[in-house]
Structure formats: structure tokens, C-alpha cells
file target-v1.cif (mmCIF, C-alpha atoms and all ligand atoms)
data_my_file
loop_
_atom_site.label_atom_id
_atom_site.label_comp_id
_atom_site.auth_asym_id
_atom_site.auth_seq_id
_atom_site.Cartn_x
_atom_site.Cartn_y
_atom_site.Cartn_z
CA MET Q 1 0.00 0.00 0.00
CA LYS Q 2 1.20 3.53 -0.76
CA VAL Q 3 -0.01 6.26 1.59
CA LEU Q 4 0.31 10.02 1.31
CA VAL Q 5 0.58 11.45 4.81
CA THR Q 6 0.19 15.23 5.09
CA GLY Q 7 1.75 16.99 8.08
CA GLY Q 8 3.83 13.94 8.91
CA ALA Q 9 6.64 16.01 10.44
CA GLY Q 10 4.33 17.16 13.22
CA PHE Q 11 3.46 15.46 16.48
CA ILE Q 12 0.77 12.91 15.61
CA GLY Q 13 1.80 12.46 11.97
CA SER Q 14 5.36 11.49 12.88
CA ASN Q 15 4.14 8.99 15.47
CA PHE Q 16 1.75 7.58 12.87
CA ILE Q 17 4.43 7.16 10.18
CA ARG Q 18 6.71 5.38 12.66
CA LEU Q 19 3.89 3.01 13.68
CA ILE Q 20 2.92 2.19 10.08
CA LEU Q 21 6.48 1.52 8.90
CA GLN Q 22 7.12 -0.69 11.92
CA LYS Q 23 3.91 -2.65 11.47
CA TYR Q 24 3.86 -2.82 7.66
CA PRO Q 25 7.50 -2.61 6.50
CA GLU Q 26 6.41 -3.24 2.89
CA TYR Q 27 4.20 -0.09 2.76
CA HIS Q 28 5.36 3.13 1.12
CA ILE Q 29 4.84 6.47 2.83
CA VAL Q 30 5.13 9.88 1.21
CA ASN Q 31 5.18 12.66 3.80
CA LEU Q 32 4.13 16.09 2.49
CA ASP Q 33 4.90 18.78 5.05
CA LYS Q 34 5.54 22.51 4.85
CA LEU Q 35 7.72 22.45 7.97
CA THR Q 36 6.02 25.29 9.79
CA TYR Q 37 7.19 26.08 13.33
CA ALA Q 38 5.44 22.81 14.36
CA GLY Q 39 7.01 20.57 11.71
CA ASN Q 40 10.34 19.07 12.66
CA LEU Q 41 12.34 16.53 10.67
CA ASP Q 42 14.15 15.51 13.88
CA ASN Q 43 10.86 13.74 14.75
CA LEU Q 44 11.61 11.23 11.99
CA SER Q 45 15.40 11.08 11.99
CA ASP Q 46 15.30 7.34 12.82
CA ILE Q 47 13.47 6.53 9.58
CA GLU Q 48 14.72 9.18 7.16
CA ASP Q 49 16.91 6.62 5.33
CA ASN Q 50 14.19 3.98 5.08
CA PRO Q 51 13.75 3.29 1.33
CA HIS Q 52 9.98 3.00 1.91
CA TYR Q 53 9.81 6.58 3.17
CA GLN Q 54 9.92 9.78 1.13
CA PHE Q 55 9.75 13.34 2.42
CA VAL Q 56 8.44 16.18 0.24
CA LYS Q 57 8.71 19.71 1.59
CA GLY Q 58 5.70 21.67 0.41
CA ASP Q 59 2.37 23.27 1.14
CA ILE Q 60 -0.96 21.44 0.89
CA THR Q 61 -2.46 24.59 -0.65
CA ASP Q 62 -0.14 24.12 -3.66
CA SER Q 63 -2.43 22.20 -6.03
CA ASP Q 64 0.27 21.63 -8.69
CA LEU Q 65 2.53 20.01 -6.15
CA VAL Q 66 -0.26 17.85 -4.71
CA ASP Q 67 -1.21 16.78 -8.25
CA ARG Q 68 2.40 15.89 -9.06
CA ILE Q 69 2.60 13.69 -5.95
CA LEU Q 70 -0.69 11.92 -6.60
CA GLU Q 71 0.06 11.44 -10.30
CA GLU Q 72 2.67 8.93 -9.11
CA GLY Q 73 -0.11 6.97 -7.44
CA ALA Q 74 -1.34 6.53 -3.87
CA ASP Q 75 -3.90 4.21 -2.32
CA ALA Q 76 -4.82 6.48 0.56
CA ILE Q 77 -4.33 9.96 1.98
CA ILE Q 78 -4.15 10.52 5.72
CA HIS Q 79 -4.54 14.21 6.26
CA PHE Q 80 -2.92 15.55 9.42
CA ALA Q 81 -1.48 18.84 8.09
CA ALA Q 82 -3.02 21.77 9.91
CA GLU Q 83 -2.46 24.78 12.04
CA SER Q 84 -3.29 23.03 15.27
CA HIS Q 85 -2.99 25.41 18.23
CA VAL Q 86 -6.12 27.16 19.53
CA ASP Q 87 -4.18 30.02 21.14
CA ARG Q 88 -2.45 30.86 17.88
CA SER Q 89 -5.82 30.90 16.10
CA LEU Q 90 -6.84 33.83 18.31
CA TYR Q 91 -3.89 35.90 17.10
CA ASP Q 92 -3.84 34.88 13.42
CA PRO Q 93 -7.09 33.24 12.27
CA GLY Q 94 -6.30 33.76 8.56
CA ILE Q 95 -3.60 31.09 8.33
CA PHE Q 96 -6.01 28.61 9.96
CA VAL Q 97 -8.55 29.20 7.22
CA LYS Q 98 -5.89 29.00 4.52
CA THR Q 99 -4.25 25.76 5.65
CA ASN Q 100 -7.10 23.95 7.35
CA VAL Q 101 -9.95 24.85 5.00
CA LEU Q 102 -8.42 25.74 1.62
CA GLY Q 103 -5.60 23.22 2.00
CA THR Q 104 -8.10 20.45 2.68
CA GLN Q 105 -10.13 21.43 -0.37
CA VAL Q 106 -7.00 21.27 -2.57
CA LEU Q 107 -6.31 17.74 -1.30
CA LEU Q 108 -9.92 16.66 -1.82
CA GLU Q 109 -9.92 17.95 -5.38
CA SER Q 110 -6.71 16.18 -6.22
CA ALA Q 111 -7.85 12.98 -4.46
CA LEU Q 112 -10.91 12.97 -6.68
CA LYS Q 113 -8.90 13.64 -9.83
CA TYR Q 114 -6.50 10.75 -9.15
CA LYS Q 115 -9.22 8.40 -7.83
CA ILE Q 116 -7.62 7.88 -4.43
CA GLY Q 117 -9.14 4.86 -2.67
CA SER Q 118 -9.44 6.40 0.80
CA PHE Q 119 -9.20 9.95 2.20
CA ILE Q 120 -8.95 10.18 5.97
CA GLN Q 121 -9.54 13.59 7.52
CA VAL Q 122 -7.92 13.72 10.96
CA SER Q 123 -10.15 16.04 12.96
CA THR Q 124 -10.87 16.97 16.53
CA ASP Q 125 -13.47 16.76 19.30
CA GLU Q 126 -13.32 20.57 19.46
CA VAL Q 127 -15.69 20.81 16.48
CA TYR Q 128 -18.57 19.75 18.76
CA GLY Q 129 -18.00 22.76 21.02
CA SER Q 130 -18.21 23.02 24.78
CA LEU Q 131 -20.24 20.65 26.96
CA SER Q 132 -21.49 21.17 30.50
CA HIS Q 133 -20.36 18.80 33.22
CA GLU Q 134 -22.24 15.79 31.85
CA GLY Q 135 -22.99 14.07 28.55
CA SER Q 136 -20.73 13.22 25.61
CA SER Q 137 -20.76 14.09 21.90
CA THR Q 138 -21.60 11.35 19.43
CA GLU Q 139 -20.74 11.38 15.73
CA SER Q 140 -24.15 12.89 14.98
CA SER Q 141 -24.00 15.70 17.55
CA PRO Q 142 -24.21 19.21 16.07
CA LEU Q 143 -21.03 21.05 15.15
CA LEU Q 144 -20.72 24.11 17.40
CA PRO Q 145 -17.10 25.25 17.15
CA ASN Q 146 -16.11 28.28 19.21
CA SER Q 147 -12.52 29.13 18.25
CA PRO Q 148 -11.13 29.98 14.81
CA TYR Q 149 -9.15 26.71 15.07
CA SER Q 150 -12.18 24.51 15.71
CA ALA Q 151 -14.26 26.47 13.19
CA SER Q 152 -11.61 25.85 10.52
CA LYS Q 153 -11.52 22.12 11.34
CA ALA Q 154 -15.33 21.89 11.31
CA SER Q 155 -15.38 23.69 7.95
CA ALA Q 156 -12.86 21.22 6.55
CA ASP Q 157 -14.92 18.31 7.91
CA LEU Q 158 -17.98 19.64 6.09
CA LEU Q 159 -16.04 19.93 2.84
CA VAL Q 160 -14.86 16.33 3.24
CA ARG Q 161 -18.44 15.23 3.80
CA SER Q 162 -19.58 17.15 0.72
CA TYR Q 163 -16.93 15.54 -1.51
CA HIS Q 164 -18.14 12.15 -0.35
CA VAL Q 165 -21.85 12.88 -0.78
CA THR Q 166 -21.62 14.90 -4.00
CA PHE Q 167 -18.73 13.31 -5.86
CA GLY Q 168 -18.51 9.90 -4.23
CA LEU Q 169 -14.98 10.41 -2.86
CA PRO Q 170 -14.33 7.54 -0.42
CA ALA Q 171 -13.69 9.75 2.60
CA ILE Q 172 -13.75 9.18 6.35
CA ILE Q 173 -13.63 11.75 9.16
CA THR Q 174 -12.03 10.98 12.52
CA ARG Q 175 -12.49 13.18 15.59
CA CYS Q 176 -10.05 12.66 18.40
CA THR Q 177 -9.62 14.10 21.87
CA ASN Q 178 -6.43 15.75 23.22
CA ASN Q 179 -3.28 13.78 22.41
CA TYR Q 180 -0.13 13.66 24.51
CA GLY Q 181 3.16 11.82 24.19
CA PRO Q 182 6.61 12.06 22.57
CA TYR Q 183 7.43 14.72 19.92
CA GLN Q 184 4.63 17.14 20.82
CA PHE Q 185 5.61 20.75 20.21
CA PRO Q 186 5.95 22.37 23.64
CA GLU Q 187 3.02 24.74 23.32
CA LYS Q 188 0.24 22.32 24.29
CA LEU Q 189 -0.60 21.78 27.97
CA ILE Q 190 1.27 18.56 28.76
CA SER Q 191 4.41 19.11 26.66
CA LEU Q 192 4.66 22.77 27.75
CA PHE Q 193 4.20 22.00 31.43
CA ILE Q 194 6.63 19.08 31.53
CA THR Q 195 9.35 21.07 29.76
CA ASN Q 196 8.70 24.20 31.84
CA ALA Q 197 8.78 22.19 35.08
CA LEU Q 198 12.02 20.47 34.04
CA THR Q 199 13.65 23.92 33.85
CA ASN Q 200 11.83 25.38 36.90
CA LEU Q 201 9.77 27.80 34.81
CA SER Q 202 6.23 28.60 35.89
CA LEU Q 203 3.24 26.63 34.59
CA PRO Q 204 0.65 29.15 33.31
CA ILE Q 205 -2.86 27.88 34.04
CA TYR Q 206 -5.78 29.60 32.41
CA GLY Q 207 -8.47 30.89 34.80
CA ASP Q 208 -9.50 28.49 37.54
CA GLY Q 209 -7.81 25.50 35.90
CA LEU Q 210 -11.03 23.48 35.97
CA TYR Q 211 -11.33 23.06 32.21
CA VAL Q 212 -11.91 19.42 31.35
CA ARG Q 213 -10.39 17.55 28.43
CA ASP Q 214 -10.21 13.88 27.57
CA TRP Q 215 -6.60 12.74 27.01
CA ILE Q 216 -5.33 9.99 24.75
CA TYR Q 217 -1.80 8.66 24.43
CA VAL Q 218 -0.70 9.46 20.88
CA GLU Q 219 0.11 5.83 19.99
CA ASP Q 220 -3.46 4.83 20.83
CA HIS Q 221 -4.75 7.47 18.42
CA CYS Q 222 -2.35 6.17 15.74
CA ARG Q 223 -3.57 2.59 16.31
CA ALA Q 224 -7.14 3.79 15.82
CA LEU Q 225 -6.15 5.47 12.55
CA ASP Q 226 -4.45 2.24 11.46
CA LYS Q 227 -7.74 0.37 12.05
CA ILE Q 228 -9.68 3.02 10.15
CA LEU Q 229 -7.23 2.98 7.25
CA HIS Q 230 -7.73 -0.78 6.85
CA ARG Q 231 -11.31 -1.33 7.97
CA GLY Q 232 -13.08 2.03 8.15
CA LYS Q 233 -16.14 2.58 6.02
CA ALA Q 234 -16.30 5.42 3.49
CA GLY Q 235 -18.71 8.19 4.47
CA GLU Q 236 -18.44 7.43 8.18
CA ILE Q 237 -17.27 9.56 11.09
CA TYR Q 238 -15.42 7.92 14.00
CA ASN Q 239 -14.90 9.52 17.41
CA ILE Q 240 -11.63 8.51 19.10
CA GLY Q 241 -10.90 9.14 22.78
CA GLY Q 242 -8.76 7.95 25.66
CA GLY Q 243 -11.48 7.77 28.31
CA ASN Q 244 -9.44 10.03 30.62
CA GLU Q 245 -11.36 13.20 31.44
CA LYS Q 246 -9.21 15.40 33.65
CA THR Q 247 -9.08 19.04 34.68
CA ASN Q 248 -6.00 21.03 33.74
CA LEU Q 249 -5.20 21.37 37.45
CA GLU Q 250 -5.27 17.60 37.99
CA ILE Q 251 -2.83 17.13 35.11
CA THR Q 252 -0.57 19.89 36.36
CA ARG Q 253 -0.38 18.39 39.84
CA LEU Q 254 0.38 14.96 38.40
CA ILE Q 255 3.22 16.32 36.28
CA LEU Q 256 4.67 18.23 39.24
CA SER Q 257 4.52 15.16 41.45
CA LYS Q 258 6.18 12.92 38.82
CA LEU Q 259 9.01 15.45 38.53
CA ASN Q 260 9.21 16.18 42.26
CA LYS Q 261 8.62 19.87 41.67
CA PRO Q 262 6.77 22.30 44.00
CA GLU Q 263 3.19 23.53 43.45
CA SER Q 264 4.57 27.07 43.69
CA LEU Q 265 5.48 26.75 39.99
CA VAL Q 266 1.76 26.99 39.14
CA LYS Q 267 0.74 30.46 38.01
CA HIS Q 268 -2.89 31.34 37.24
CA VAL Q 269 -3.07 33.66 34.22
CA LYS Q 270 -5.89 35.59 32.54
CA ASP Q 271 -8.30 33.23 30.83
CA ARG Q 272 -8.45 32.60 27.10
CA PRO Q 273 -11.53 34.23 25.49
CA ALA Q 274 -14.39 31.81 24.76
CA HIS Q 275 -12.49 29.02 26.51
CA ASP Q 276 -14.50 25.80 26.06
CA ARG Q 277 -15.29 24.33 29.48
CA ARG Q 278 -15.38 20.66 28.65
CA TYR Q 279 -15.06 18.25 25.74
CA SER Q 280 -16.20 14.67 25.98
CA LEU Q 281 -16.67 12.03 23.30
CA ASP Q 282 -18.83 8.95 23.09
CA CYS Q 283 -16.46 6.49 21.40
CA SER Q 284 -18.73 3.45 21.41
CA LYS Q 285 -19.01 3.38 17.60
CA ILE Q 286 -15.34 2.71 16.83
CA GLY Q 287 -15.29 0.10 19.60
CA ALA Q 288 -18.37 -1.71 18.31
CA GLU Q 289 -17.62 -1.48 14.58
CA LEU Q 290 -13.84 -1.70 14.40
CA GLY Q 291 -12.94 -3.30 17.73
CA TRP Q 292 -10.62 -0.48 18.77
CA LYS Q 293 -10.07 0.69 22.32
CA PRO Q 294 -7.27 2.68 23.95
CA GLU Q 295 -4.52 0.52 25.48
CA THR Q 296 -2.58 3.04 27.55
CA ALA Q 297 -3.76 3.92 31.06
CA PHE Q 298 -3.37 7.63 31.80
CA GLU Q 299 -0.90 7.20 34.68
CA GLU Q 300 1.26 4.94 32.52
CA GLY Q 301 1.11 7.29 29.49
CA ILE Q 302 2.03 10.31 31.61
CA ALA Q 303 4.91 8.44 33.25
CA ARG Q 304 6.24 7.45 29.79
CA THR Q 305 5.79 10.99 28.48
CA VAL Q 306 7.54 12.64 31.43
CA GLU Q 307 10.39 10.14 31.03
CA TRP Q 308 10.62 10.87 27.27
CA TYR Q 309 10.91 14.66 27.72
CA ALA Q 310 13.37 14.21 30.59
CA SER Q 311 15.60 12.05 28.41
CA HIS Q 312 15.20 14.10 25.19
CA GLN Q 313 16.14 17.53 26.46
CA SER Q 314 18.15 18.36 23.33
CA TRP Q 315 15.04 17.77 21.17
CA TRP Q 316 12.88 20.28 23.00
CA GLN Q 317 15.61 22.72 23.98
CA LYS Q 318 16.38 23.19 20.29
CA VAL Q 319 12.69 23.80 19.60
CA LYS Q 320 12.22 26.07 22.63
CA SER Q 321 14.50 28.86 21.51
CA GLY Q 322 14.58 31.78 19.08
CA GLU Q 323 11.14 32.47 17.62
CA TYR Q 324 9.52 30.27 20.22
CA LEU Q 325 10.70 32.51 23.03
CA GLU Q 326 9.75 35.66 21.14
CA TYR Q 327 6.23 34.32 20.57
CA TYR Q 328 5.71 33.33 24.17
CA GLU Q 329 7.20 36.57 25.45
CA LYS Q 330 4.72 38.48 23.30
CA HIS Q 331 1.65 36.50 24.28
CA TYR Q 332 2.93 35.79 27.79
CA LEU Q 333 1.73 32.20 27.84
CA TYR Q 334 5.21 31.19 28.72
CA ARG Q 335 5.51 32.82 32.12
N1 LIG Q 401 -2.82 17.39 18.98
C1 LIG Q 401 -4.05 17.01 19.32
O1 LIG Q 401 -4.34 16.84 20.50
C2 LIG Q 401 -5.09 16.75 18.25
C3 LIG Q 401 -6.31 16.20 18.63
C4 LIG Q 401 -7.27 15.91 17.65
C5 LIG Q 401 -6.98 16.20 16.33
N2 LIG Q 401 -5.80 16.76 15.99
C6 LIG Q 401 -5.55 17.02 14.55
O2 LIG Q 401 -4.49 16.16 14.18
C7 LIG Q 401 -3.69 16.78 13.18
C8 LIG Q 401 -2.24 16.77 13.61
O3 LIG Q 401 -2.12 17.45 14.87
P1 LIG Q 401 -0.69 17.65 15.56
O4 LIG Q 401 -0.93 17.89 16.99
O5 LIG Q 401 0.23 16.58 15.13
O6 LIG Q 401 -0.25 19.02 14.87
P2 LIG Q 401 1.18 19.68 14.74
O7 LIG Q 401 0.95 21.15 14.84
O8 LIG Q 401 2.16 19.04 15.66
O9 LIG Q 401 1.64 19.29 13.25
C9 LIG Q 401 1.06 19.86 12.12
C10 LIG Q 401 1.97 19.56 10.94
O10 LIG Q 401 1.36 20.09 9.76
C11 LIG Q 401 2.36 20.77 9.00
N3 LIG Q 401 1.70 21.82 8.22
C12 LIG Q 401 1.08 22.93 8.68
N4 LIG Q 401 0.62 23.67 7.66
C13 LIG Q 401 0.92 22.99 6.52
C14 LIG Q 401 0.70 23.22 5.15
N5 LIG Q 401 0.06 24.33 4.73
N6 LIG Q 401 1.14 22.32 4.25
C15 LIG Q 401 1.79 21.20 4.65
N7 LIG Q 401 2.06 20.93 5.95
C16 LIG Q 401 1.62 21.81 6.86
C17 LIG Q 401 3.31 21.34 10.04
O11 LIG Q 401 4.59 21.65 9.48
C18 LIG Q 401 3.37 20.19 11.05
O12 LIG Q 401 4.36 19.26 10.71
C19 LIG Q 401 -4.27 18.18 12.99
O13 LIG Q 401 -5.09 18.16 11.86
C20 LIG Q 401 -5.09 18.42 14.24
O14 LIG Q 401 -6.18 19.28 13.98
C21 LIG Q 401 -4.84 17.05 16.92
#

call {"tool": "encode", "arguments": {"input": "target-v1.cif", "output": "C-alpha cells"}}
result
Amino acid sequence: MKVLVTGGAGFIGSNFIRLILQKYPEYHIVNLDKLTYAGNLDNLSDIEDNPHYQFVKGDITDSDLVDRILEEGADAIIHFAAESHVDRSLYDPGIFVKTNVLGTQVLLESALKYKIGSFIQVSTDEVYGSLSHEGSSTESSPLLPNSPYSASKASADLLVRSYHVTFGLPAIITRCTNNYGPYQFPEKLISLFITNALTNLSLPIYGDGLYVRDWIYVEDHCRALDKILHRGKAGEIYNIGGGNEKTNLEITRLILSKLNKPESLVKHVKDRPAHDRRYSLDCSKIGAELGWKPETAFEEGIARTVEWYASHQSWWQKVKSGEYLEYYEKHYLYR
């Protein structure tokens, strides 16, 4: 099988490529990535010489380039490439629309032209919007995105649906909860807080810290995508979650305790506008239809993740410099 992975130099995409090449050494992967601030070829340095792996630096909004890649043939596209950070979408919504919406449409158009057998849109639970303290979103819940990030992902999801319904493109949408694990750019809660704590920097918690997210270890998400690639049904949507709903404060305390660091590192900062209170997914469909369930208990995943960042300081110290510091100084998320 030959698979075009978009955004494979990012966090989840790089973990996915590694999993696929380990499990199916005969498969071919083409990784199309623009290498934005979040894309990092160091994430894949262990497989860069694998003859079954090819990296193409480029933008998914470049239709000529996407056509040239697909002209050479592909059985499936797994579409990870995106601007992925909610906070950044508050400062620069335009790039989210360009990459996440227009970029997805370019891929869909090209997938149709070259009769690609399966298009998998990797989306997020954030498209369902905020929930109160009970209940969970199913695949048929309404889309009520509140941030420019989630609105751009929901828009892309709707385009994917339309290409399936109108043109018969064999497309599937997946919606996953918050991922954590190795190679996550240190701007998201867990990777930022572990790396800040390791260097005794403060951990900036928005508002009261009682925002609830469900957390999934990245390899479990990648295993779900593997199942969907091989057994998912065109036209379907699959929710994917870890079954670990936690408040930001609970996670922060766990990280501090694993690293033996004091609670005085926690710093409450002004809340993010329109901060969604809680996300929660009903993941019974993927369990019942594809037999997938998460394998990594939260405590175990966090222990592995803390250990990974502690033993890969050169990876994140290289990333956490230059423009990174300028950005966080400006938006003061870093303090
Ligand atoms: N991280 C999560 O918790 C999470 C949860 C659910 C869904 N998702 C979705 O999964 C996907 C991957 O998320 P991630 O956390 O790995 O993101 P990431 O920010 O770590 O990686 C995104 C990758 O896309 C690349 N990219 C960005 N714009 C591009 C463009 N125009 N052309 C080509 N490449 C481009 C970047 O260089 C980077 O390598 C995203 O679509 C995101 O919406 C993420």
C-alpha cells in the first residue's frame, strides 16, 4: 500500500508514520509537510533513510505540487497537516482558514482527480463545542465550534463530507480528543508543562484550571487510525478518545509530582476568550464497529511521556528557543 501522509513532520503524523512503517514494512509512505514552526524533521530522523519513506517539503495549498505527488499513485491519503494550536488561532485566524480549510479542499480535489481509494480527515473533538459537566458528543452531535481553530476544522470536515456525498470520494472523518506523548511541540498543555517544570519555569494555568479535556496517548490514536485505514467505512465519522477526562489542574499536579517539583510553579493567568469548558466524546461506535479501544492507562502514558521529555532535552531545547521565546514573550503564555 502507498499512503500520502500530510503533516507527517508534526506530532501525531510522525508517530503515525513510525507506527505504520514498523507494522507494515512493505508499505510506502510519502510525507508532504511545509515544515512550519510545528514541523520538525528531527521527529523522523530514525526513519529518514528507510527506502519505503519519502519526504516532500511543500504546502498542501499548492495544487500543482499535490497533483504531481498523486500522479505517481497513492492508495490512501491521511490528512494531518493543519495549524493546530487554539491560542495561535486567536492571534492569526487567517492562516487557519488557509491551511485547514483551503488546503483540505486542494487535497480533496486532487484525491478525486486521481481516484484515491481512501481519504482520511484527521479532525478533533473541538468541532462539537463546549459541553457542560455531563454528557458526551456522538458522531451525529451538532457542530458548534467556538474558536477559529475549531471552526476551521469543522469547515474542513464539512467539505470532506460534501466531496463524499456529492462526488462519491471515499472519505472518512475521525475526531479525536487531546493527544499527549513524545514529539509534541511544547506549546500544548502537557508538553509545555513538563518542559517548563524540568527547567523550573512557571506553569501558566488559564483561569480556575477546571477546564476538562479527555486525554489519549498518541500511539493509541495512531492505532485507531491504522484500524480506520484498513477497515473504516467510506462516508463514516469515527470519534476517538482515551477515556481520561481530567481538569487542567489535575494534570498539572500529576506532572509536578512525577518530577518532584513544588506547586509554587503553578501560576494562574488571565483566561483565554471563549475558553471551552469541557469536551467529551462517546467512542462506542469505533469500539463496536472496528474493535478499537485505547490501550494506555493515563498514569502509565504520563509516566512514559515525562520520562521521554526528561531524556530528550536536546530535542525540546532546540525547539524552545529563538522564535519560540519571542512568541511566548509576546503572548505571555510562557511565564
Ligand atoms: N494534537 C491534538 O491533540 C489533536 C487532537 C485531535 C486532532 N488533531 C488534529 O491532528 C492533526 C495533527 O495534529 P498535531 O498535533 O500533530 O499538529 P502539529 O501542529 O504538531 O503538526 C502539524 C503539521 O502540519 C504541518 N503543516 C502545517 N501547515 C501545513 C501546510 N500548509 N502544508 C503542509 N504541511 C503543513 C506542520 O509543518 C506540522 O508538521 C491536525 O489536523 C489536528 O487538527 C490534533

call {"tool": "atom_distance", "arguments": {"input": "target-v1.cif", "atom1": "atom CA of Q:Pro182", "atom2": "atom CA of Q:Tyr211"}}
result
23.1 Å

call {"tool": "closest_atom_pairs", "arguments": {"input": "target-v1.cif", "of": "chain Q", "to": "ligand LIG 401 (chain Q)", "cutoff": "6 Å", "atoms": "all atoms listed in the file", "output": "tab-separated table"}}
result
residue	atom	partner	partner_atom	distance
Q:Gly7	CA	Q:LIG401	O10	3.5
Q:Gly8	CA	Q:LIG401	O12	5.6
Q:Ala9	CA	Q:LIG401	O12	4.0
Q:Gly10	CA	Q:LIG401	O12	3.3
Q:Phe11	CA	Q:LIG401	O5	3.7
Q:Ile12	CA	Q:LIG401	O5	3.7
Q:Gly13	CA	Q:LIG401	O5	5.4
Q:Asp33	CA	Q:LIG401	N7	3.7
Q:Lys34	CA	Q:LIG401	N7	4.0
Q:Leu35	CA	Q:LIG401	O11	3.6
Q:Thr36	CA	Q:LIG401	O11	3.9
Q:Ala38	CA	Q:LIG401	C18	4.7
Q:Gly39	CA	Q:LIG401	O12	3.1
Q:Gly58	CA	Q:LIG401	C15	5.8
Q:Asp59	CA	Q:LIG401	N6	3.5
Q:Ile60	CA	Q:LIG401	N6	4.1
Q:Thr61	CA	Q:LIG401	N5	5.9
Q:Phe80	CA	Q:LIG401	C7	4.0
Q:Ala81	CA	Q:LIG401	O10	3.5
Q:Ala82	CA	Q:LIG401	C12	4.4
Q:Glu83	CA	Q:LIG401	C12	5.2
Q:Ser84	CA	Q:LIG401	O7	4.7
Q:Thr99	CA	Q:LIG401	N5	4.6
Q:Val122	CA	Q:LIG401	O2	5.3
Q:Ser123	CA	Q:LIG401	C5	4.6
Q:Thr124	CA	Q:LIG401	C4	3.9
Q:Cys176	CA	Q:LIG401	C4	4.3
Q:Thr177	CA	Q:LIG401	C3	5.1
Q:Asn178	CA	Q:LIG401	O1	3.6
Q:Asn179	CA	Q:LIG401	O1	3.8
Q:Phe185	CA	Q:LIG401	O8	6.0

call {"tool": "write_last_selection", "arguments": {"input": "target-v1.cif", "atoms": "C-alpha atoms", "output": "compact mmCIF listing (two decimals), in the coordinates of the input"}}
result
# COMPACT_ATOMS: atom_id res chain seq x y z
CA GLY Q 7 1.75 16.99 8.08
CA GLY Q 8 3.83 13.94 8.91
CA ALA Q 9 6.64 16.01 10.44
CA GLY Q 10 4.33 17.16 13.22
CA PHE Q 11 3.46 15.46 16.48
CA ILE Q 12 0.77 12.91 15.61
CA GLY Q 13 1.80 12.46 11.97
CA ASP Q 33 4.90 18.78 5.05
CA LYS Q 34 5.54 22.51 4.85
CA LEU Q 35 7.72 22.45 7.97
CA THR Q 36 6.02 25.29 9.79
CA ALA Q 38 5.44 22.81 14.36
CA GLY Q 39 7.01 20.57 11.71
CA GLY Q 58 5.70 21.67 0.41
CA ASP Q 59 2.37 23.27 1.14
CA ILE Q 60 -0.96 21.44 0.89
CA THR Q 61 -2.46 24.59 -0.65
CA PHE Q 80 -2.92 15.55 9.42
CA ALA Q 81 -1.48 18.84 8.09
CA ALA Q 82 -3.02 21.77 9.91
CA GLU Q 83 -2.46 24.78 12.04
CA SER Q 84 -3.29 23.03 15.27
CA THR Q 99 -4.25 25.76 5.65
CA VAL Q 122 -7.92 13.72 10.96
CA SER Q 123 -10.15 16.04 12.96
CA THR Q 124 -10.87 16.97 16.53
CA CYS Q 176 -10.05 12.66 18.40
CA THR Q 177 -9.62 14.10 21.87
CA ASN Q 178 -6.43 15.75 23.22
CA ASN Q 179 -3.28 13.78 22.41
CA PHE Q 185 5.61 20.75 20.21

call {"tool": "residues_around", "arguments": {"input": "target-v1.cif", "residues": "Q:Pro170", "least_positions_apart": "3", "cutoff": "8 Å", "atoms": "only C-alpha atoms", "output": "list in words"}}
result
Ile116, Gly117, Ser118, Phe119, His164, Ala234 and Gly235 of chain Q

call {"tool": "closest_residue", "arguments": {"input": "target-v1.cif", "among": "Q:Asp42, Q:Glu219, Q:Asp92, Q:Asp64", "to": "Q:Thr296", "atoms": "all atoms listed in the file"}}
result
Q:Glu219

call {"tool": "closest_residue", "arguments": {"input": "target-v1.cif", "among": "Q:Cys222, Q:Ile77, Q:Leu158, Q:Val97", "to": "Q:Leu32", "atoms": "all atoms listed in the file"}}
result
Q:Ile77

call {"tool": "atom_distance", "arguments": {"input": "target-v1.cif", "atom1": "atom CA of Q:Lys57", "atom2": "atom CA of Q:Asn15"}}
result
18.1 Å

call {"tool": "atom_distance", "arguments": {"input": "target-v1.cif", "atom1": "atom CA of Q:Gly209", "atom2": "atom CA of Q:Tyr91"}}
result
21.8 Å

call {"tool": "residues_around", "arguments": {"input": "target-v1.cif", "residues": "stretch 46-49 of chain Q", "least_positions_apart": "6", "cutoff": "9 Å", "atoms": "only C-alpha atoms", "output": "mmCIF file with C-alpha atoms, in the coordinates of the input"}}
result
data_model
loop_
_atom_site.group_PDB
_atom_site.id
_atom_site.type_symbol
_atom_site.label_atom_id
_atom_site.label_comp_id
_atom_site.auth_asym_id
_atom_site.auth_seq_id
_atom_site.Cartn_x
_atom_site.Cartn_y
_atom_site.Cartn_z
ATOM 1 C CA ARG Q 18 6.710 5.380 12.660
ATOM 2 C CA LEU Q 21 6.480 1.520 8.900
ATOM 3 C CA PHE Q 55 9.750 13.340 2.420
#

call {"tool": "build_atoms", "arguments": {"input": "target-v1.cif", "residues": "stretch 60-72 of chain Q", "atoms": "N, CA and C atoms", "output": "compact mmCIF listing (two decimals), in the frame of the given file"}}
result
# COMPACT_ATOMS: atom_id res chain seq x y z
N ILE Q 60 0.24 22.13 1.40
CA ILE Q 60 -0.96 21.44 0.89
C ILE Q 60 -1.86 22.37 0.08
N THR Q 61 -1.65 23.67 0.17
CA THR Q 61 -2.46 24.59 -0.65
C THR Q 61 -1.91 24.70 -2.08
N ASP Q 62 -0.77 24.06 -2.33
CA ASP Q 62 -0.14 24.12 -3.66
C ASP Q 62 -0.70 22.96 -4.52
N SER Q 63 -1.73 23.28 -5.32
CA SER Q 63 -2.43 22.20 -6.03
C SER Q 63 -1.54 21.52 -7.07
N ASP Q 64 -0.62 22.27 -7.70
CA ASP Q 64 0.27 21.63 -8.69
C ASP Q 64 1.14 20.58 -8.02
N LEU Q 65 1.67 20.95 -6.86
CA LEU Q 65 2.53 20.01 -6.15
C LEU Q 65 1.73 18.77 -5.71
N VAL Q 66 0.55 18.99 -5.17
CA VAL Q 66 -0.26 17.85 -4.71
C VAL Q 66 -0.60 16.95 -5.91
N ASP Q 67 -0.93 17.56 -7.03
CA ASP Q 67 -1.21 16.78 -8.25
C ASP Q 67 0.01 15.96 -8.67
N ARG Q 68 1.17 16.60 -8.64
CA ARG Q 68 2.40 15.89 -9.06
C ARG Q 68 2.66 14.67 -8.17
N ILE Q 69 2.38 14.83 -6.87
CA ILE Q 69 2.60 13.69 -5.95
C ILE Q 69 1.59 12.58 -6.25
N LEU Q 70 0.34 12.95 -6.43
CA LEU Q 70 -0.69 11.92 -6.60
C LEU Q 70 -0.66 11.27 -7.98
N GLU Q 71 -0.12 12.00 -8.95
CA GLU Q 71 0.06 11.44 -10.30
C GLU Q 71 0.89 10.15 -10.24
N GLU Q 72 1.80 10.12 -9.25
CA GLU Q 72 2.67 8.93 -9.11
C GLU Q 72 1.95 7.79 -8.41
